[in-house]
Amino acid sequence: MLPFEFTRPALLLLIVPIAIVLCVWFVRSLSDFPRQQRIGSLLTRAVLSLLLVLALAGTTWLHQTDQQFVLFVVDQSLSVGESAAAAANEFMKVAEAGKGSDRTAYLPFAATVGTVQDAPVFDVRAPLRQGASPDVIENDASRAVLSAEDRSARDGTNLAAAIEAAAGYMPPGYVPRIVLLTDGNQTSGNVLAAASRSGIPVTTIPLPTGSEPEIQVSEVSVPAEVREGEPFFVDVTVHSNHDDEGLLEVYRGDHKVISETRTLKTGANKFRFQQSIERDRMAAFKVRLSGFRNDTLLDNNADAGLVYAAGKPRVLIIESDPDLIRELAYALEDEGIQVDVRPPQGMPDTLAGLQNYELLMLSNVPATALSQQQMEIARTWVQELGGGFVMLGGEQSFGLGGYYKSTLEEILPVRSDFEKEKEKPSLGMVLVIDRSGSMDGDPLEMAKTAARSAVELLGNRDQVAVLAFDDQTYVISEMQSASNKGKVSDEIARIDSGGGTNMYPAMEMSFEILNSTSAKLKHVIMLTDGVSNAGDFEGMAQQMVSAKMTVSTVALGGAATDLLESIARIGKGRYYLAEDPSQIPQIFAKETVTATKSAIDEQPFIPQVVRATHTLKEIDMEAAPFLLGYVMTRPKPTSEVILATEKGDPLLVWWRYGLGMTAAFTSDAKSRWAAEWLTWPGYGKFWTQVVRQTMRKSDSRGIQVAVSREGRQTMVSVDAVNEVGQFLNSSEVELTVINPQLQRQKLPMKQTAPGRYAADFATQQSGAYNMEIALKQNGQVVYRQSRGLIVGYSDELRIQPTNEKLLQEVASVSAGRFNPPPEKLFERSGERAVRPTPMWPWLLTAAAFLLILDVALRRIDVALHLPVRYFKRRNSATSAN
């Protein structure tokens, strides 16, 4: 084998045409130089051309070397403490002193891989990547406090990713070696597979784990599912590396159920507590430690387990006045449905809170009483986890409650806007919006969105004007017919921020505009986020009332709430406090529909059956008494209208939304409009059937779900059989996962054995993961199950000894060494590497010298510069001839 190779061998073919050109040039040359000189010039040019062609072809010299390139891969995860840092630094310092001609580099890693560095560095406070800001402070215990970003990067140990990155970095021409310094406690990846694939010997150096005093909740073990009221045990394992004493508390949801002082011994400490679940569908049991004398990390002092309870279906009713809905709650409970009634303040703000129920019912609850997060959670619960949702009518429901274009209106089968009847009085409305500098950003954008939505809700016979104010008052849109919705919306979109806050002139101008308007109803909505300059606001509000106008006010953030509340009270309007700008659109929508006085029809009517359904099969709707009123809505195109009013407006409508079902009943279920229904014998049966039709269906017969977690991966398996015990094979099983940030992930579960289906997903974030499992056959859902998982602190923070067994296996599968002394780290193993050396610099240098010689041979007549004796000898030879 030749010790050379060519990176561009095709260019060697240039030798042929160059040789032809040189020969032709030699034959046809007109030079009168001596023949020997011409031949010398030809040879010089030939060699010069050959050198240039070899340089262009990428001639490379391949030679053997035993020089090593050693890459130190250093674990800097949270589980590696100061003692490990000192041990690693000492090892690398001694090894560096004996490296001789070998090369070294250093690669820090943890959950992610850092940047390769030339100098040996091991600092638990330094960022993994060069150029990143350390952002480190010292706490009272003189421990490093990392930035949130770098702490997240260190919260894990991915040995496999570190070895793969190290193998990819190795330069050619050296004998490669990887030295892995770690405690061996990987939290993700498969290091054995990565080491085997790398093809590079991996020498493993075990680092000691932290020696600081530490206590942790290692495990909270609870059964996956129990029957309602059935006793079960909560098994708790607490690990400690020293003897100590402190407080152990157990919480079921937000309620503390156990608080005991416990003594811990070095090692594993196991405790057992008996519990039961009475009225919850899902209960989270959280164990928390506190009050111990010596404990370094607090993040690992709590963990939780999740238990599902099988029992009666549960319904949560949110009602503005809970006492008014008790008749409905009693009727449902008589039919075997458990009911919880709460005011709007009790609306769950987590998925875990809603998972305790099969159905959520809102009765006369305005959108302004709910946060955007609560509405988003309700939508996710219905769409992704199959929950049921019902909205009942009332003076604060549907459009009157400000649900127009809200998150909850999206899931309802009806729209909150409607066609205004011609006999209803016309409305003249002025929107007054603060555009001062403090409104810049989201507040002003939300205000503009709210104003556009308010205009959309107005009828064609209504009129609207828009004013904005800072230090001065600006007419954004003149009073005009609300039928010009596009024009008014475009004018609203041009509002920008700037200036101070002077609200009184704007209020005065709104009075003047409405005073010259012929509408039957006149209303002003004023929004501000600041303290206005002085003005006679109360006097102007009284003057408006005298002119049969009403005024409502919206306070955002740090507005003068007392003044705005006083204006609304004197102005016979309503006062709203919007703590979040996202509430403004719902406030404006509610206020607009309320001001039109046309969303409610309070004429008695008999419900009309529009569509026959098995839900009402056993109910004599012809015998149903009068309902005394309802909220006007419009059905969405794909919804099912079951009952309607005598005017044809929707009364009971439902549809499927995602995995769940939602329904709208535009009258109410209490004494205002359903007073005669409360004594109707079919009242309880009607509402029980509607609830059972809409609520989440969960059938656990024949299906068993197992959830387990290893590192940052969670495995879910389903065993399914039919009624006679036969395995359900070739079924379509889908797993829906909602993570703590409400992000959705849908996963098909693959069949792995008869009747068994499995899937896995990453659980990188701490918090609650909610899962919905649907098993389908022939396109129909046969079984559905809900499950959950609580991910506590990271595995990186668990007390674990150095995993020397794993490090020995890594060294073995990669033909490396385990824990050699640093003095012998660079010992030669007899392995040699082929080092390619590019020859083009040498070839070009030689070609440059030949070029000089060639120029000399073509410009200088060598015969003229030869010594005289050469010519005498030559002449003598000529005479003799």
# chains A, B, ... in the order shown; residues from 1 in each chain; ligands from 1
call {"tool": "select_by_dssp", "arguments": {"residues": "range 211-372 of chain A", "states": "alpha helix (DSSP H)", "output": "list in words"}}
result
Arg326, Glu327, Leu328, Ala329, Tyr330, Ala331, Leu332, Glu333, Asp334, Leu351, Ala352, Gly353, Leu354 and Gln372 of chain A
call {"tool": "atom_distance", "arguments": {"atom1": "CA of Tyr357 in chain A", "atom2": "CA of Tyr404 in chain A"}}
result
26.0 Å
call {"tool": "closest_residue", "arguments": {"among": "A:Ala758, A:Ile258, A:Ala119, A:Ile377", "to": "Met347 in chain A", "atoms": "only C-alpha atoms"}}
result
A:Ile377
call {"tool": "residues_around", "arguments": {"residues": "range 264-279 of chain A", "least_positions_apart": "6", "cutoff": "9 Å", "atoms": "only C-alpha atoms", "output": "PyMOL selection string"}}
result
chain A and resi 218+226-246+250+257-258+307-309+311-312+314+338+356
call {"tool": "write_last_selection", "arguments": {"atoms": "N, CA and C atoms", "output": "short mmCIF file (atom, residue, chain, number, x, y, z; two decimals), in the first residue's frame"}}
result
data_model
loop_
_atom_site.label_atom_id
_atom_site.label_comp_id
_atom_site.auth_asym_id
_atom_site.auth_seq_id
_atom_site.Cartn_x
_atom_site.Cartn_y
_atom_site.Cartn_z
N SER A 218 -38.04 9.76 49.03
CA SER A 218 -37.65 8.95 47.88
C SER A 218 -38.84 8.44 47.10
N VAL A 226 -58.82 2.92 43.43
CA VAL A 226 -59.52 2.29 44.55
C VAL A 226 -61.02 2.56 44.40
N ARG A 227 -61.82 1.83 45.17
CA ARG A 227 -63.25 2.12 45.21
C ARG A 227 -63.51 3.26 46.20
N GLU A 228 -64.56 3.99 45.96
CA GLU A 228 -64.91 5.10 46.84
C GLU A 228 -65.17 4.58 48.25
N GLY A 229 -64.49 5.16 49.24
CA GLY A 229 -64.64 4.76 50.63
C GLY A 229 -63.77 3.59 51.04
N GLU A 230 -63.09 2.96 50.08
CA GLU A 230 -62.25 1.79 50.39
C GLU A 230 -60.96 2.24 51.08
N PRO A 231 -60.59 1.64 52.23
CA PRO A 231 -59.32 2.01 52.87
C PRO A 231 -58.13 1.52 52.04
N PHE A 232 -57.07 2.31 52.02
CA PHE A 232 -55.84 1.92 51.34
C PHE A 232 -54.68 2.58 52.07
N PHE A 233 -53.46 2.19 51.70
CA PHE A 233 -52.28 2.70 52.38
C PHE A 233 -51.48 3.65 51.49
N VAL A 234 -50.98 4.69 52.11
CA VAL A 234 -49.99 5.57 51.49
C VAL A 234 -48.64 5.19 52.08
N ASP A 235 -47.79 4.56 51.26
CA ASP A 235 -46.47 4.12 51.71
C ASP A 235 -45.43 5.16 51.34
N VAL A 236 -44.67 5.60 52.33
CA VAL A 236 -43.69 6.67 52.15
C VAL A 236 -42.30 6.14 52.48
N THR A 237 -41.35 6.40 51.58
CA THR A 237 -39.95 6.05 51.82
C THR A 237 -39.13 7.33 51.88
N VAL A 238 -38.41 7.49 53.00
CA VAL A 238 -37.55 8.67 53.21
C VAL A 238 -36.12 8.18 53.38
N HIS A 239 -35.21 8.70 52.57
CA HIS A 239 -33.79 8.36 52.68
C HIS A 239 -33.04 9.49 53.38
N SER A 240 -32.08 9.09 54.21
CA SER A 240 -31.24 10.07 54.89
C SER A 240 -29.83 9.49 55.00
N ASN A 241 -28.84 10.37 54.87
CA ASN A 241 -27.45 9.90 55.04
C ASN A 241 -26.92 10.19 56.44
N HIS A 242 -27.85 10.49 57.37
CA HIS A 242 -27.48 10.71 58.76
C HIS A 242 -28.73 10.56 59.63
N ASP A 243 -28.54 10.43 60.92
CA ASP A 243 -29.66 10.36 61.85
C ASP A 243 -30.21 11.77 62.09
N ASP A 244 -31.54 11.88 62.14
CA ASP A 244 -32.14 13.21 62.32
C ASP A 244 -33.58 13.04 62.79
N GLU A 245 -34.21 14.16 63.11
CA GLU A 245 -35.59 14.16 63.56
C GLU A 245 -36.28 15.41 63.05
N GLY A 246 -37.52 15.25 62.58
CA GLY A 246 -38.24 16.40 62.06
C GLY A 246 -39.70 16.07 61.81
N VAL A 250 -48.59 14.87 55.60
CA VAL A 250 -49.26 14.29 54.44
C VAL A 250 -50.47 15.15 54.11
N VAL A 257 -53.78 16.01 56.28
CA VAL A 257 -54.45 14.89 56.94
C VAL A 257 -53.56 14.23 57.99
N ILE A 258 -52.25 14.42 57.91
CA ILE A 258 -51.32 13.82 58.88
C ILE A 258 -50.20 14.81 59.14
N VAL A 307 -54.17 9.03 43.16
CA VAL A 307 -55.09 7.90 43.30
C VAL A 307 -56.41 8.25 42.61
N TYR A 308 -56.92 7.32 41.80
CA TYR A 308 -58.23 7.49 41.19
C TYR A 308 -59.23 6.63 41.96
N ALA A 309 -60.43 7.19 42.17
CA ALA A 309 -61.47 6.48 42.91
C ALA A 309 -62.65 6.19 41.98
N GLY A 311 -66.50 5.31 41.55
CA GLY A 311 -67.72 5.47 42.33
C GLY A 311 -68.79 6.18 41.53
N LYS A 312 -69.70 6.84 42.20
CA LYS A 312 -70.78 7.54 41.53
C LYS A 312 -70.24 8.70 40.70
N ARG A 314 -69.78 12.43 39.34
CA ARG A 314 -69.77 13.67 40.11
C ARG A 314 -69.93 14.86 39.18
N GLN A 338 -73.49 12.51 42.43
CA GLN A 338 -72.97 13.38 43.47
C GLN A 338 -72.77 14.79 42.91
N ASN A 356 -61.70 15.71 39.03
CA ASN A 356 -62.53 15.10 40.06
C ASN A 356 -63.98 14.95 39.64
#
call {"tool": "closest_residue", "arguments": {"among": "A:Phe33, A:Trp25, A:Tyr630, A:Tyr251", "to": "Thr645 in chain A", "atoms": "only C-alpha atoms"}}
result
A:Tyr630
call {"tool": "closest_residue", "arguments": {"among": "A:Asp280, A:Asp434, A:Asp295, A:Asp620", "to": "Pro213 in chain A", "atoms": "only C-alpha atoms"}}
result
A:Asp295
call {"tool": "residues_around", "arguments": {"residues": "Gln689 in chain A", "least_positions_apart": "2", "cutoff": "12 Å", "atoms": "only C-alpha atoms", "output": "list of chain:residue names"}}
result
A:Ala331, A:Leu332, A:Glu335, A:Gly336, A:Ile337, A:Thr613, A:His614, A:Thr615, A:Leu616, A:Lys617, A:Glu618, A:Ile619, A:Gly682, A:Tyr683, A:Gly684, A:Lys685, A:Phe686, A:Trp687, A:Val691, A:Arg692, A:Gln693, A:Thr694, A:Met695
call {"tool": "decode", "arguments": {"residues": "range 376-444 of chain A", "atoms": "C-alpha atoms", "output": "compact mmCIF listing (two decimals), in the first residue's frame"}}
result
# COMPACT_ATOMS: atom_id res chain seq x y z
CA GLU A 376 -58.49 27.64 29.06
CA ILE A 377 -58.33 24.78 31.55
CA ALA A 378 -62.05 24.06 31.13
CA ARG A 379 -61.65 23.94 27.35
CA THR A 380 -58.65 21.62 27.59
CA TRP A 381 -60.50 19.37 30.03
CA VAL A 382 -63.44 19.03 27.62
CA GLN A 383 -61.48 18.81 24.39
CA GLU A 384 -58.60 16.57 25.43
CA LEU A 385 -59.82 14.69 28.52
CA GLY A 386 -63.46 14.13 27.56
CA GLY A 387 -65.12 16.24 30.26
CA GLY A 388 -68.75 17.35 29.97
CA PHE A 389 -69.85 20.99 30.08
CA VAL A 390 -73.29 22.61 30.42
CA MET A 391 -74.15 26.32 30.54
CA LEU A 392 -77.52 27.36 31.94
CA GLY A 393 -79.25 30.64 31.10
CA GLY A 394 -79.62 33.68 33.31
CA GLU A 395 -79.09 37.41 33.31
CA GLN A 396 -75.31 36.78 33.46
CA SER A 397 -75.05 33.88 30.99
CA PHE A 398 -74.15 33.64 27.30
CA GLY A 399 -74.03 37.12 25.73
CA LEU A 400 -75.28 38.82 28.87
CA GLY A 401 -72.37 37.27 30.75
CA GLY A 402 -69.78 38.58 28.29
CA TYR A 403 -69.00 35.21 26.69
CA TYR A 404 -68.97 36.59 23.13
CA LYS A 405 -65.71 35.47 21.45
CA SER A 406 -64.47 34.01 24.72
CA THR A 407 -62.69 30.69 25.19
CA LEU A 408 -65.83 29.10 26.64
CA GLU A 409 -68.06 30.31 23.81
CA GLU A 410 -65.75 28.37 21.48
CA ILE A 411 -66.75 25.07 23.12
CA LEU A 412 -70.48 25.90 23.41
CA PRO A 413 -72.89 24.69 20.71
CA VAL A 414 -74.47 28.18 20.50
CA ARG A 415 -73.24 31.65 19.67
CA SER A 416 -73.72 34.52 22.13
CA ASP A 417 -74.63 37.07 19.45
CA PHE A 418 -78.12 37.07 17.92
CA GLU A 419 -80.33 38.91 15.46
CA LYS A 420 -81.90 41.82 17.31
CA GLU A 421 -85.67 42.04 16.96
CA LYS A 422 -87.03 45.15 15.21
CA GLU A 423 -89.39 46.02 18.06
CA LYS A 424 -86.52 46.23 20.53
CA PRO A 425 -85.37 49.81 21.38
CA SER A 426 -82.30 51.15 19.60
CA LEU A 427 -79.12 51.88 21.54
CA GLY A 428 -76.71 54.78 21.24
CA MET A 429 -73.38 53.94 22.84
CA VAL A 430 -70.10 55.83 23.29
CA LEU A 431 -66.90 53.96 24.09
CA VAL A 432 -64.35 56.11 25.95
CA ILE A 433 -60.85 54.58 26.01
CA ASP A 434 -57.76 55.72 27.89
CA ARG A 435 -54.81 55.99 25.45
CA SER A 436 -52.27 57.45 27.89
CA GLY A 437 -48.66 56.23 27.94
CA SER A 438 -49.33 53.73 30.73
CA MET A 439 -51.77 51.87 28.44
CA ASP A 440 -49.01 50.98 25.97
CA GLY A 441 -48.74 47.32 25.01
CA ASP A 442 -51.23 44.63 26.02
CA PRO A 443 -53.69 46.92 27.89
CA LEU A 444 -54.36 49.12 24.85
